[in-house]
file query.csv (CSV, C-alpha atoms)
chain,number,residue,atom,x,y,z
R,1038,MET,CA,-10.4,-1.3,10.5
R,1039,THR,CA,-8.1,-1.6,13.5
R,1040,TRP,CA,-6.1,0.7,15.8
R,1041,LEU,CA,-3.1,-1.5,15.3
R,1042,ASP,CA,-0.4,-0.3,12.9
R,1043,LEU,CA,-0.5,-3.3,10.6
R,1044,SER,CA,1.3,-3.6,7.3
R,1045,ALA,CA,-1.0,-3.8,4.3
R,1046,ASP,CA,0.2,-7.2,3.3
R,1047,THR,CA,0.2,-8.9,6.7
R,1048,GLY,CA,-1.2,-12.3,6.7
R,1049,PHE,CA,-2.0,-12.0,10.4
R,1050,GLY,CA,-4.7,-9.4,10.3
R,1051,VAL,CA,-7.9,-9.1,12.3
R,1052,SER,CA,-9.7,-11.5,10.0
R,1053,ASN,CA,-7.2,-14.3,10.8
R,1054,LEU,CA,-6.3,-14.4,14.6
R,1055,PRO,CA,-4.6,-17.8,14.8
R,1056,TYR,CA,-3.8,-19.5,18.1
R,1057,GLY,CA,-0.5,-20.8,19.4
R,1058,VAL,CA,1.5,-21.4,22.5
R,1059,PHE,CA,4.4,-19.2,23.3
R,1060,SER,CA,6.8,-18.2,26.2
R,1061,THR,CA,9.0,-15.3,27.1
R,1062,PRO,CA,12.2,-15.5,29.2
R,1063,GLY,CA,11.3,-16.4,32.8
R,1064,ALA,CA,7.7,-17.1,32.1
R,1065,ALA,CA,5.8,-20.3,31.5
R,1066,PRO,CA,4.2,-21.2,28.1
R,1067,ARG,CA,0.7,-19.9,27.6
R,1068,THR,CA,-1.8,-19.2,24.8
R,1069,GLY,CA,-1.1,-16.4,22.3
R,1070,VAL,CA,-2.9,-15.0,19.3
R,1071,ALA,CA,-0.9,-13.8,16.3
R,1072,ILE,CA,-1.7,-10.3,15.2
R,1073,GLY,CA,0.6,-8.5,12.7
R,1074,ASP,CA,4.2,-8.8,14.0
R,1075,ALA,CA,3.0,-9.3,17.6
R,1076,VAL,CA,1.5,-12.0,19.8
R,1077,LEU,CA,-1.3,-11.2,22.2
R,1078,ASP,CA,-0.8,-12.8,25.6
R,1079,LEU,CA,-4.3,-14.2,26.0
R,1080,ALA,CA,-3.7,-15.6,29.5
R,1081,ALA,CA,-2.7,-12.2,30.8
R,1082,VAL,CA,-5.3,-10.1,29.1
R,1083,THR,CA,-8.2,-12.4,29.9
R,1084,GLY,CA,-7.1,-13.8,33.3
R,1085,ASP,CA,-8.7,-17.0,32.2
R,1086,PRO,CA,-6.7,-20.0,33.5
R,1087,VAL,CA,-7.7,-22.1,30.5
R,1088,HIS,CA,-5.2,-20.0,28.5
R,1089,ALA,CA,-2.4,-20.5,30.9
R,1090,THR,CA,-2.0,-24.3,30.6
R,1091,GLY,CA,0.8,-24.3,28.0
R,1092,THR,CA,-1.4,-26.1,25.4
R,1093,LEU,CA,-4.6,-25.2,23.5
R,1094,ASN,CA,-6.3,-28.5,24.5
R,1095,ALA,CA,-8.3,-27.1,27.4
R,1096,PHE,CA,-9.7,-24.2,25.3
R,1097,LEU,CA,-10.4,-26.4,22.3
R,1098,ALA,CA,-12.4,-28.8,24.5
R,1099,GLN,CA,-14.8,-26.0,25.4
R,1100,GLY,CA,-16.3,-26.3,21.9
R,1101,PRO,CA,-17.8,-23.9,19.3
R,1102,PRO,CA,-19.7,-21.5,21.6
R,1103,ALA,CA,-16.5,-20.7,23.5
R,1104,TRP,CA,-14.5,-20.5,20.3
R,1105,ALA,CA,-16.9,-18.1,18.8
R,1106,ALA,CA,-17.2,-16.0,22.0
R,1107,VAL,CA,-13.4,-15.5,22.3
R,1108,ARG,CA,-13.1,-14.7,18.6
R,1109,ALA,CA,-15.8,-12.1,18.8
R,1110,ARG,CA,-14.1,-10.6,21.9
R,1111,LEU,CA,-10.7,-10.5,20.1
R,1112,THR,CA,-12.2,-8.8,17.1
R,1113,GLU,CA,-13.8,-6.2,19.2
R,1114,TRP,CA,-10.6,-5.5,21.1
R,1115,PHE,CA,-8.6,-5.0,17.9
R,1116,THR,CA,-11.2,-2.9,16.1
R,1117,ASP,CA,-12.5,-0.6,18.9
R,1118,ALA,CA,-9.9,1.9,20.0
R,1119,TRP,CA,-11.6,2.1,23.4
R,1120,HIS,CA,-9.9,-1.2,24.3
R,1121,ARG,CA,-6.4,-0.1,23.3
R,1122,ALA,CA,-5.2,0.8,26.7
R,1123,THR,CA,-6.3,-2.6,28.1
R,1124,VAL,CA,-5.0,-4.7,25.2
R,1125,GLU,CA,-1.8,-3.0,24.0
R,1126,PRO,CA,0.3,-3.7,27.2
R,1127,HIS,CA,-0.2,-7.5,26.5
R,1128,LEU,CA,1.2,-7.4,23.0
R,1129,VAL,CA,4.6,-9.0,22.7
R,1130,PRO,CA,6.8,-8.7,19.6
R,1131,ARG,CA,6.7,-12.0,17.7
R,1132,ASP,CA,10.4,-12.1,17.3
R,1133,ALA,CA,10.8,-11.9,21.1
R,1134,VAL,CA,8.9,-15.1,21.9
R,1135,THR,CA,9.6,-18.8,21.8
R,1136,LEU,CA,6.9,-20.8,20.1
R,1137,HIS,CA,5.9,-24.3,21.3
R,1138,LEU,CA,3.8,-27.2,20.0
R,1139,PRO,CA,0.3,-25.8,20.1
R,1140,ILE,CA,-1.5,-28.9,21.1
R,1141,ASP,CA,-0.9,-32.1,23.1
R,1142,VAL,CA,-1.4,-34.5,20.2
R,1143,ALA,CA,-3.8,-37.3,21.2
R,1144,ASP,CA,-4.0,-39.4,18.0
R,1145,TYR,CA,-2.6,-38.8,14.5
R,1146,VAL,CA,-4.1,-40.0,11.2
R,1147,ASP,CA,-2.6,-39.3,7.8
R,1148,PHE,CA,-4.8,-39.5,4.7
R,1149,TYR,CA,-4.0,-40.0,1.0
R,1150,SER,CA,-6.6,-37.6,-0.5
R,1151,SER,CA,-4.9,-36.0,-3.6
R,1152,GLN,CA,-5.9,-37.8,-6.8
R,1153,HIS,CA,-3.0,-36.2,-8.6
R,1154,HIS,CA,-0.5,-37.4,-6.0
R,1155,ALA,CA,-2.0,-40.9,-5.9
R,1156,GLU,CA,-1.9,-41.2,-9.7
R,1157,ASN,CA,1.7,-39.9,-9.9
R,1158,LEU,CA,2.8,-42.5,-7.4
R,1159,GLY,CA,0.7,-45.2,-9.0
R,1160,ARG,CA,2.3,-44.6,-12.4
R,1161,MET,CA,5.7,-44.9,-10.9
R,1162,PHE,CA,5.2,-48.0,-8.8
R,1163,ARG,CA,2.7,-49.9,-10.9
R,1164,PRO,CA,3.6,-49.2,-14.6
R,1165,GLY,CA,1.2,-50.8,-17.0
R,1166,SER,CA,-1.6,-50.9,-14.4
R,1167,PRO,CA,-4.3,-48.4,-13.5
R,1168,PRO,CA,-2.6,-45.7,-11.4
R,1169,LEU,CA,-5.4,-45.7,-8.7
R,1170,THR,CA,-6.2,-48.8,-6.7
R,1171,PRO,CA,-9.9,-50.0,-7.0
R,1172,ASN,CA,-10.9,-48.6,-3.6
R,1173,TRP,CA,-9.4,-45.1,-4.0
R,1174,LYS,CA,-12.5,-43.3,-5.3
R,1175,HIS,CA,-14.8,-45.1,-2.8
R,1176,LEU,CA,-13.1,-44.2,0.5
R,1177,PRO,CA,-10.5,-41.8,1.9
R,1178,ILE,CA,-7.5,-44.0,2.4
R,1179,GLY,CA,-5.4,-43.3,5.5
R,1180,TYR,CA,-3.3,-44.8,8.2
R,1181,HIS,CA,-2.8,-44.2,11.9
R,1182,GLY,CA,0.5,-42.5,12.6
R,1183,ARG,CA,2.6,-42.0,15.7
R,1184,ALA,CA,1.4,-39.1,17.8
R,1185,GLY,CA,4.6,-39.0,19.9
R,1186,THR,CA,6.8,-37.9,17.0
R,1187,VAL,CA,4.5,-35.0,15.9
R,1188,GLN,CA,6.8,-32.1,16.7
R,1189,LEU,CA,6.9,-28.3,16.3
R,1190,SER,CA,8.2,-26.7,13.1
R,1191,GLY,CA,12.0,-26.2,13.4
R,1192,THR,CA,12.6,-29.5,15.2
R,1193,PRO,CA,15.8,-31.1,13.6
R,1194,VAL,CA,15.0,-33.8,11.1
R,1195,VAL,CA,17.5,-36.5,12.0
R,1196,ARG,CA,18.0,-38.9,9.0
R,1197,PRO,CA,16.3,-42.2,9.9
R,1198,SER,CA,17.8,-45.6,9.6
R,1199,GLY,CA,16.1,-48.9,8.8
R,1200,GLN,CA,15.9,-51.8,6.4
R,1201,ARG,CA,16.2,-51.0,2.7
R,1202,LYS,CA,16.1,-53.3,-0.3
R,1203,ALA,CA,16.7,-51.9,-3.8
R,1204,PRO,CA,15.3,-54.0,-6.7
R,1205,ALA,CA,18.8,-55.3,-7.6
R,1206,ASP,CA,19.5,-56.4,-4.0
R,1207,GLU,CA,19.2,-60.0,-3.1
R,1208,VAL,CA,18.6,-59.3,0.6
R,1209,PRO,CA,17.8,-56.2,2.6
R,1210,THR,CA,20.5,-54.0,4.2
R,1211,PHE,CA,20.3,-51.7,7.2
R,1212,GLY,CA,21.4,-48.1,7.2
R,1213,PRO,CA,20.4,-44.5,6.9
R,1214,SER,CA,17.7,-43.6,4.4
R,1215,ARG,CA,19.0,-42.6,1.0
R,1216,ARG,CA,15.6,-41.4,-0.3
R,1217,LEU,CA,14.5,-38.9,2.4
R,1218,ASP,CA,11.5,-36.9,1.2
R,1219,ILE,CA,8.9,-34.3,2.2
R,1220,GLU,CA,5.1,-34.4,2.1
R,1221,ALA,CA,3.4,-31.0,1.9
R,1222,GLU,CA,0.2,-31.4,3.8
R,1223,VAL,CA,-2.6,-29.5,5.6
R,1224,GLY,CA,-3.6,-30.7,9.1
R,1225,PHE,CA,-6.9,-30.4,11.0
R,1226,VAL,CA,-7.1,-30.1,14.8
R,1227,VAL,CA,-9.9,-31.7,16.7
R,1228,GLY,CA,-11.3,-29.8,19.7
R,1229,VAL,CA,-14.5,-31.6,20.8
R,1230,PRO,CA,-14.3,-35.4,21.4
R,1231,SER,CA,-16.9,-37.9,20.4
R,1232,ARG,CA,-18.2,-41.0,22.1
R,1233,LEU,CA,-16.9,-44.4,21.3
R,1234,GLY,CA,-19.2,-46.3,19.0
R,1235,GLU,CA,-20.9,-43.1,17.6
R,1236,PRO,CA,-19.8,-42.0,14.1
R,1237,VAL,CA,-19.4,-38.3,13.4
R,1238,PRO,CA,-21.4,-37.4,10.2
R,1239,VAL,CA,-20.1,-35.1,7.5
R,1240,GLY,CA,-22.4,-32.4,8.6
R,1241,ALA,CA,-20.9,-32.3,12.2
R,1242,PHE,CA,-17.4,-31.4,11.0
R,1243,THR,CA,-17.5,-27.9,12.5
R,1244,GLU,CA,-18.9,-29.2,15.8
R,1245,HIS,CA,-15.6,-31.1,16.4
R,1246,VAL,CA,-12.8,-29.5,14.4
R,1247,PHE,CA,-11.4,-26.2,15.6
R,1248,GLY,CA,-8.8,-25.2,13.0
R,1249,VAL,CA,-6.1,-25.8,10.4
R,1250,CYS,CA,-2.3,-26.0,10.6
R,1251,LEU,CA,0.5,-27.0,8.1
R,1252,VAL,CA,2.1,-30.4,8.2
R,1253,ASN,CA,5.3,-31.9,6.7
R,1254,ASP,CA,5.1,-35.7,7.1
R,1255,TRP,CA,8.7,-36.5,6.3
R,1256,SER,CA,9.1,-39.8,4.5
R,1257,ALA,CA,11.9,-42.3,4.0
R,1258,ARG,CA,10.8,-43.7,0.7
R,1259,ASP,CA,13.3,-46.6,0.6
R,1260,LEU,CA,12.3,-47.8,4.1
R,1261,GLN,CA,8.7,-47.3,3.1
R,1262,ALA,CA,9.0,-49.3,-0.1
R,1263,TRP,CA,10.4,-52.4,1.6
R,1264,GLU,CA,8.1,-52.4,4.7
R,1265,TYR,CA,4.7,-51.3,3.5
R,1266,VAL,CA,3.5,-54.5,1.9
R,1267,PRO,CA,1.1,-55.8,3.3
R,1268,LEU,CA,0.2,-53.5,6.2
R,1269,GLY,CA,1.3,-50.0,5.1
R,1270,PRO,CA,3.5,-47.2,6.4
R,1271,PHE,CA,5.5,-47.7,9.6
R,1272,LEU,CA,9.2,-46.8,10.1
R,1273,GLY,CA,9.3,-44.9,6.8
R,1274,LYS,CA,6.9,-42.3,8.3
R,1275,SER,CA,7.0,-42.5,12.1
R,1276,PHE,CA,10.4,-40.9,12.8
R,1277,LEU,CA,9.0,-37.3,12.6
R,1278,THR,CA,6.0,-35.3,11.5
R,1279,SER,CA,6.4,-31.5,11.7
R,1280,VAL,CA,3.5,-29.0,12.3
R,1281,SER,CA,3.3,-25.3,12.1
R,1282,PRO,CA,3.0,-23.3,15.4
R,1283,TRP,CA,-0.2,-21.5,14.5
R,1284,VAL,CA,-3.7,-23.0,14.3
R,1285,VAL,CA,-6.0,-21.0,12.1
R,1286,PRO,CA,-9.6,-21.3,13.2
R,1287,LEU,CA,-12.1,-22.6,10.7
R,1288,ALA,CA,-14.1,-19.4,11.4
R,1289,ALA,CA,-11.3,-17.5,9.7
R,1290,LEU,CA,-11.5,-19.5,6.5
R,1291,GLU,CA,-15.1,-18.8,5.4
R,1292,ALA,CA,-13.9,-17.0,2.3
R,1293,ALA,CA,-11.7,-19.9,1.4
R,1294,ARG,CA,-14.5,-22.5,1.3
R,1295,THR,CA,-15.2,-23.8,-2.2
R,1296,ASP,CA,-16.9,-26.7,-4.0
R,1297,PRO,CA,-15.1,-30.1,-4.1
R,1298,PRO,CA,-14.0,-31.5,-7.5
R,1299,LEU,CA,-16.5,-33.5,-9.5
R,1300,ARG,CA,-16.6,-37.1,-8.4
R,1301,ASP,CA,-17.1,-39.8,-11.1
R,1302,GLU,CA,-18.1,-42.6,-8.6
R,1303,GLU,CA,-21.3,-42.6,-6.6
R,1304,LEU,CA,-20.4,-42.0,-2.9
R,1305,LEU,CA,-21.9,-44.1,-0.1
R,1306,PRO,CA,-24.4,-42.0,1.9
R,1307,TYR,CA,-22.1,-41.4,4.9
R,1308,LEU,CA,-19.5,-39.7,2.5
R,1309,ASP,CA,-22.1,-37.6,0.6
R,1310,ASP,CA,-20.9,-34.0,1.0
R,1311,ARG,CA,-23.1,-32.3,-1.5
R,1312,LYS,CA,-24.6,-30.1,1.2
R,1313,GLU,CA,-21.2,-29.6,2.9
R,1314,ARG,CA,-18.9,-27.2,1.0
R,1315,TRP,CA,-15.6,-28.0,2.7
R,1316,SER,CA,-13.0,-27.9,0.0
R,1317,LEU,CA,-10.6,-25.1,0.9
R,1318,ASN,CA,-8.9,-22.7,-1.6
R,1319,LEU,CA,-5.5,-22.8,0.1
R,1320,GLN,CA,-2.3,-22.1,-1.9
R,1321,LEU,CA,0.8,-23.9,-0.6
R,1322,GLU,CA,4.4,-23.0,-1.3
R,1323,VAL,CA,7.4,-25.4,-0.9
R,1324,ARG,CA,10.9,-24.0,-0.6
R,1325,LEU,CA,14.1,-26.0,-0.7
R,1326,ASN,CA,17.1,-24.1,0.6
R,1327,GLY,CA,15.2,-20.9,0.0
R,1328,ALA,CA,14.2,-21.7,-3.6
R,1329,ILE,CA,10.6,-22.2,-4.6
R,1330,VAL,CA,10.2,-25.7,-6.0
R,1331,SER,CA,6.5,-26.2,-5.9
R,1332,ASN,CA,3.1,-24.4,-5.4
R,1333,PRO,CA,0.6,-27.1,-4.6
R,1334,PRO,CA,-3.1,-26.1,-4.6
R,1335,PHE,CA,-5.3,-27.6,-1.9
R,1336,ALA,CA,-8.7,-27.1,-3.5
R,1337,PRO,CA,-8.5,-30.0,-6.1
R,1338,LEU,CA,-8.1,-32.6,-3.3
R,1339,TYR,CA,-10.7,-35.4,-4.1
R,1340,TRP,CA,-11.6,-36.0,-0.4
R,1341,THR,CA,-12.4,-33.1,1.9
R,1342,PRO,CA,-11.6,-32.9,5.6
R,1343,ALA,CA,-15.3,-33.3,6.5
R,1344,GLN,CA,-15.3,-36.6,4.6
R,1345,GLN,CA,-12.0,-37.7,6.1
R,1346,LEU,CA,-13.4,-37.1,9.6
R,1347,ALA,CA,-16.6,-39.0,8.7
R,1348,HIS,CA,-14.6,-42.0,7.4
R,1349,LEU,CA,-12.2,-41.9,10.4
R,1350,THR,CA,-15.1,-42.4,12.8
R,1351,VAL,CA,-17.7,-44.4,10.8
R,1352,ASN,CA,-16.6,-47.6,12.5
R,1353,GLY,CA,-17.3,-46.0,15.9
R,1354,ALA,CA,-13.7,-44.9,16.6
R,1355,SER,CA,-13.9,-42.0,19.0
R,1356,LEU,CA,-12.3,-38.5,18.7
R,1357,ARG,CA,-10.2,-37.0,21.5
R,1358,THR,CA,-9.3,-33.4,22.1
R,1359,GLY,CA,-6.0,-32.8,20.4
R,1360,ASP,CA,-6.5,-35.3,17.6
R,1361,LEU,CA,-4.7,-34.3,14.4
R,1362,PHE,CA,-5.6,-35.6,11.0
R,1363,ALA,CA,-3.7,-34.6,7.9
R,1364,SER,CA,-4.7,-34.4,4.2
R,1365,GLY,CA,-1.8,-36.5,2.8
R,1366,THR,CA,0.5,-35.0,0.2
R,1367,VAL,CA,-1.1,-32.0,-1.6
R,1368,SER,CA,-0.3,-32.1,-5.4
R,1369,GLY,CA,-1.9,-30.4,-8.3
R,1370,PRO,CA,-2.1,-31.3,-12.0
R,1371,GLU,CA,1.0,-29.4,-13.1
R,1372,ARG,CA,4.6,-30.5,-12.7
R,1373,ASN,CA,5.4,-27.5,-10.5
R,1374,GLN,CA,2.4,-28.3,-8.2
R,1375,ARG,CA,3.7,-31.6,-6.8
R,1376,GLY,CA,4.1,-31.8,-3.0
R,1377,SER,CA,6.9,-34.3,-2.7
R,1378,LEU,CA,10.3,-34.8,-4.2
R,1379,ILE,CA,9.5,-38.3,-5.4
R,1380,GLU,CA,7.0,-36.7,-7.7
R,1381,LEU,CA,9.1,-33.6,-8.6
R,1382,SER,CA,12.1,-35.8,-9.5
R,1383,GLU,CA,10.0,-38.6,-11.1
R,1384,ASN,CA,11.2,-41.1,-8.5
R,1385,GLY,CA,14.8,-39.9,-8.9
R,1386,ALA,CA,14.9,-40.3,-12.7
R,1387,GLU,CA,14.8,-36.5,-13.4
R,1388,PRO,CA,16.8,-34.6,-10.8
R,1389,LEU,CA,15.4,-31.2,-9.7
R,1390,ALA,CA,17.6,-28.3,-10.6
R,1391,LEU,CA,18.1,-25.6,-7.9
R,1392,PRO,CA,19.2,-22.0,-8.5
R,1393,ASP,CA,22.6,-22.5,-6.9
R,1394,GLY,CA,23.5,-25.0,-9.7
R,1395,THR,CA,23.0,-28.1,-7.5
R,1396,THR,CA,20.4,-30.8,-8.1
R,1397,ARG,CA,18.3,-33.0,-5.9
R,1398,THR,CA,16.4,-36.2,-6.3
R,1399,PHE,CA,15.9,-36.6,-2.5
R,1400,LEU,CA,17.0,-34.6,0.5
R,1401,GLU,CA,20.7,-34.3,1.5
R,1402,ASP,CA,22.1,-33.5,5.0
R,1403,GLY,CA,21.9,-29.7,5.6
R,1404,ASP,CA,18.9,-29.2,3.3
R,1405,VAL,CA,16.2,-26.9,4.7
R,1406,VAL,CA,12.6,-27.3,3.6
R,1407,THR,CA,9.9,-24.7,4.4
R,1408,ILE,CA,6.2,-25.1,3.6
R,1409,SER,CA,3.9,-22.1,3.8
R,1410,ALA,CA,0.4,-21.4,2.8
R,1411,THR,CA,-2.2,-18.6,2.3
R,1412,ALA,CA,-5.9,-18.4,2.0
R,1413,PRO,CA,-8.3,-15.8,0.7
R,1414,GLY,CA,-9.8,-13.5,3.3
R,1415,PRO,CA,-12.5,-10.9,3.2
R,1416,ASP,CA,-12.2,-8.0,0.8
R,1417,GLY,CA,-9.4,-9.5,-1.3
R,1418,THR,CA,-7.0,-10.0,1.6
R,1419,ARG,CA,-4.8,-13.0,2.0
R,1420,LEU,CA,-4.5,-14.9,5.3
R,1421,SER,CA,-1.3,-16.7,6.3
R,1422,LEU,CA,-1.3,-20.2,7.7
R,1423,GLY,CA,2.3,-19.5,8.8
R,1424,GLU,CA,5.0,-22.0,7.9
R,1425,VAL,CA,6.5,-25.4,8.8
R,1426,THR,CA,10.2,-25.9,8.4
R,1427,GLY,CA,12.9,-28.4,9.1
R,1428,ARG,CA,16.6,-28.9,8.5
R,1429,ILE,CA,18.0,-32.4,7.7
R,1430,GLU,CA,20.7,-33.6,10.1
R,1431,PRO,CA,23.0,-36.6,9.7
R,1432,VAL,CA,22.0,-40.0,11.1
R,1433,ARG,CA,23.0,-40.4,14.8

call {"tool": "encode", "arguments": {"input": "query.csv", "output": "structure tokens"}}
result
Amino acid sequence: MTWLDLSADTGFGVSNLPYGVFSTPGAAPRTGVAIGDAVLDLAAVTGDPVHATGTLNAFLAQGPPAWAAVRARLTEWFTDAWHRATVEPHLVPRDAVTLHLPIDVADYVDFYSSQHHAENLGRMFRPGSPPLTPNWKHLPIGYHGRAGTVQLSGTPVVRPSGQRKAPADEVPTFGPSRRLDIEAEVGFVVGVPSRLGEPVPVGAFTEHVFGVCLVNDWSARDLQAWEYVPLGPFLGKSFLTSVSPWVVPLAALEAARTDPPLRDEELLPYLDDRKERWSLNLQLEVRLNGAIVSNPPFAPLYWTPAQQLAHLTVNGASLRTGDLFASGTVSGPERNQRGSLIELSENGAEPLALPDGTTRTFLEDGDVVTISATAPGPDGTRLSLGEVTGRIEPVR
């Protein structure tokens, strides 16, 4: 119940309350909370300078007690009409604000946690061999990405250049990527840091991670294929990673928590998550030029975010406020649940047909990709995680 006039199907109801950073003409960026079609100016309504810094980092660093207190306060404000006169003047229409990158990204790590995605790529790249590498079911594979190129949804995706070598080429050539791709992912934002040398156990996930956003980790598959042996992704990934503007608190996703898939390999103790139910029942949607091309489910991912965090820090690596780690491409078992074009087009062998009569194997200049997601909320509602979008621009 709320005194706000919210549409019945809003994904930004009182049970969601995601945080972002916004500005209005003539005013500096500050923290906002999405509610219906509006944004609550948290800096103005609270008077707390922590919400006027232009980034969520200072608030996230305060930790779970502060997160819970502000969430409880917001819930009371929006459900008790007594607060309407105080709160309503600080609501700004969402279409009248400019959104900004919600966090100052400290470090960025990308994982490879979908078994369906890993098997699809393994069959393409290693025909005749087992689709999964021997280590895949024993540890969450990942790599450290480039924090400086993590940018807000809507940032132009300039086609990257680099070295490419097709199988028939005798030597590599240099030029713009011909196999530009998407990766539909879910990201997790760290609030509370950890000390160098001290691992973060699976059970401490909620003591450090504040919330969830959406990620498109754009990928140049031809650059990646030539460079990644033996050390892994580099220029094929580092040119841009797009994130959604709203960070949904873990506290909003209680109804989305679900059991992880059954594992057929015994896990080492530090990855044992039998008491930590941190798979999330999120439903992603991928649109290419407005047409739905995929609906990847997040729940089947083999490795959960709690395990990813535990593995990320098990060697003593420290967390910092603003760290972002992403799930890796989210793909399901069905053809229409694949979270990348390399899977949807079978590595270019089976072009994807679009409603306008065109086809795609990989992205063309002018293409627009939008990834959105929802999660179950209380009483049968659906919560929105917003969307992350990008338009492909020609090489510069």

call {"tool": "closest_residue", "arguments": {"input": "query.csv", "among": "R:Asp1309, R:Glu1113, R:Glu1156, R:Glu1125", "to": "Val1051 in chain R", "atoms": "only C-alpha atoms"}}
result
R:Glu1113

call {"tool": "residues_around", "arguments": {"input": "query.csv", "residues": "range 1065-1077 of chain R", "least_positions_apart": "3", "cutoff": "6 Å", "atoms": "all atoms listed in the file", "output": "mmCIF file with C-alpha atoms, keeping the file's coordinate frame"}}
result
data_model
loop_
_atom_site.group_PDB
_atom_site.id
_atom_site.type_symbol
_atom_site.label_atom_id
_atom_site.label_comp_id
_atom_site.auth_asym_id
_atom_site.auth_seq_id
_atom_site.Cartn_x
_atom_site.Cartn_y
_atom_site.Cartn_z
ATOM 1 C CA LEU R 1043 -0.500 -3.300 10.600
ATOM 2 C CA PHE R 1049 -2.000 -12.000 10.400
ATOM 3 C CA GLY R 1050 -4.700 -9.400 10.300
ATOM 4 C CA LEU R 1054 -6.300 -14.400 14.600
ATOM 5 C CA PRO R 1055 -4.600 -17.800 14.800
ATOM 6 C CA TYR R 1056 -3.800 -19.500 18.100
ATOM 7 C CA GLY R 1057 -0.500 -20.800 19.400
ATOM 8 C CA VAL R 1058 1.500 -21.400 22.500
ATOM 9 C CA PHE R 1059 4.400 -19.200 23.300
ATOM 10 C CA SER R 1060 6.800 -18.200 26.200
ATOM 11 C CA HIS R 1088 -5.200 -20.000 28.500
ATOM 12 C CA ALA R 1089 -2.400 -20.500 30.900
ATOM 13 C CA THR R 1090 -2.000 -24.300 30.600
ATOM 14 C CA GLY R 1091 0.800 -24.300 28.000
ATOM 15 C CA HIS R 1127 -0.200 -7.500 26.500
ATOM 16 C CA LEU R 1128 1.200 -7.400 23.000
ATOM 17 C CA VAL R 1129 4.600 -9.000 22.700
ATOM 18 C CA PRO R 1130 6.800 -8.700 19.600
ATOM 19 C CA ARG R 1131 6.700 -12.000 17.700
#

call {"tool": "closest_residue", "arguments": {"input": "query.csv", "among": "R:Thr1135, R:Asn1373, R:Thr1358, R:Ser1214", "to": "Leu1093 in chain R", "atoms": "only C-alpha atoms"}}
result
R:Thr1358

call {"tool": "closest_residue", "arguments": {"input": "query.csv", "among": "R:Ile1140, R:Leu1189, R:Val1237, R:Ala1133", "to": "Thr1350 in chain R", "atoms": "all atoms listed in the file"}}
result
R:Val1237

call {"tool": "closest_residue", "arguments": {"input": "query.csv", "among": "R:Gly1228, R:Gly1191, R:Pro1171, R:Gly1385", "to": "Leu1138 in chain R", "atoms": "all atoms listed in the file"}}
result
R:Gly1191

call {"tool": "closest_residue", "arguments": {"input": "query.csv", "among": "R:Ala1336, R:Val1330, R:Leu1420, R:Leu1260", "to": "Thr1295 in chain R", "atoms": "all atoms listed in the file"}}
result
R:Ala1336

call {"tool": "closest_residue", "arguments": {"input": "query.csv", "among": "R:Ser1231, R:Thr1047, R:Arg1196, R:Asp1259", "to": "Thr1210 in chain R", "atoms": "only C-alpha atoms"}}
result
R:Asp1259

call {"tool": "atom_distance", "arguments": {"input": "query.csv", "atom1": "CA of Gly1414 in chain R", "atom2": "CA of Ala1292 in chain R"}}
result
5.5 Å
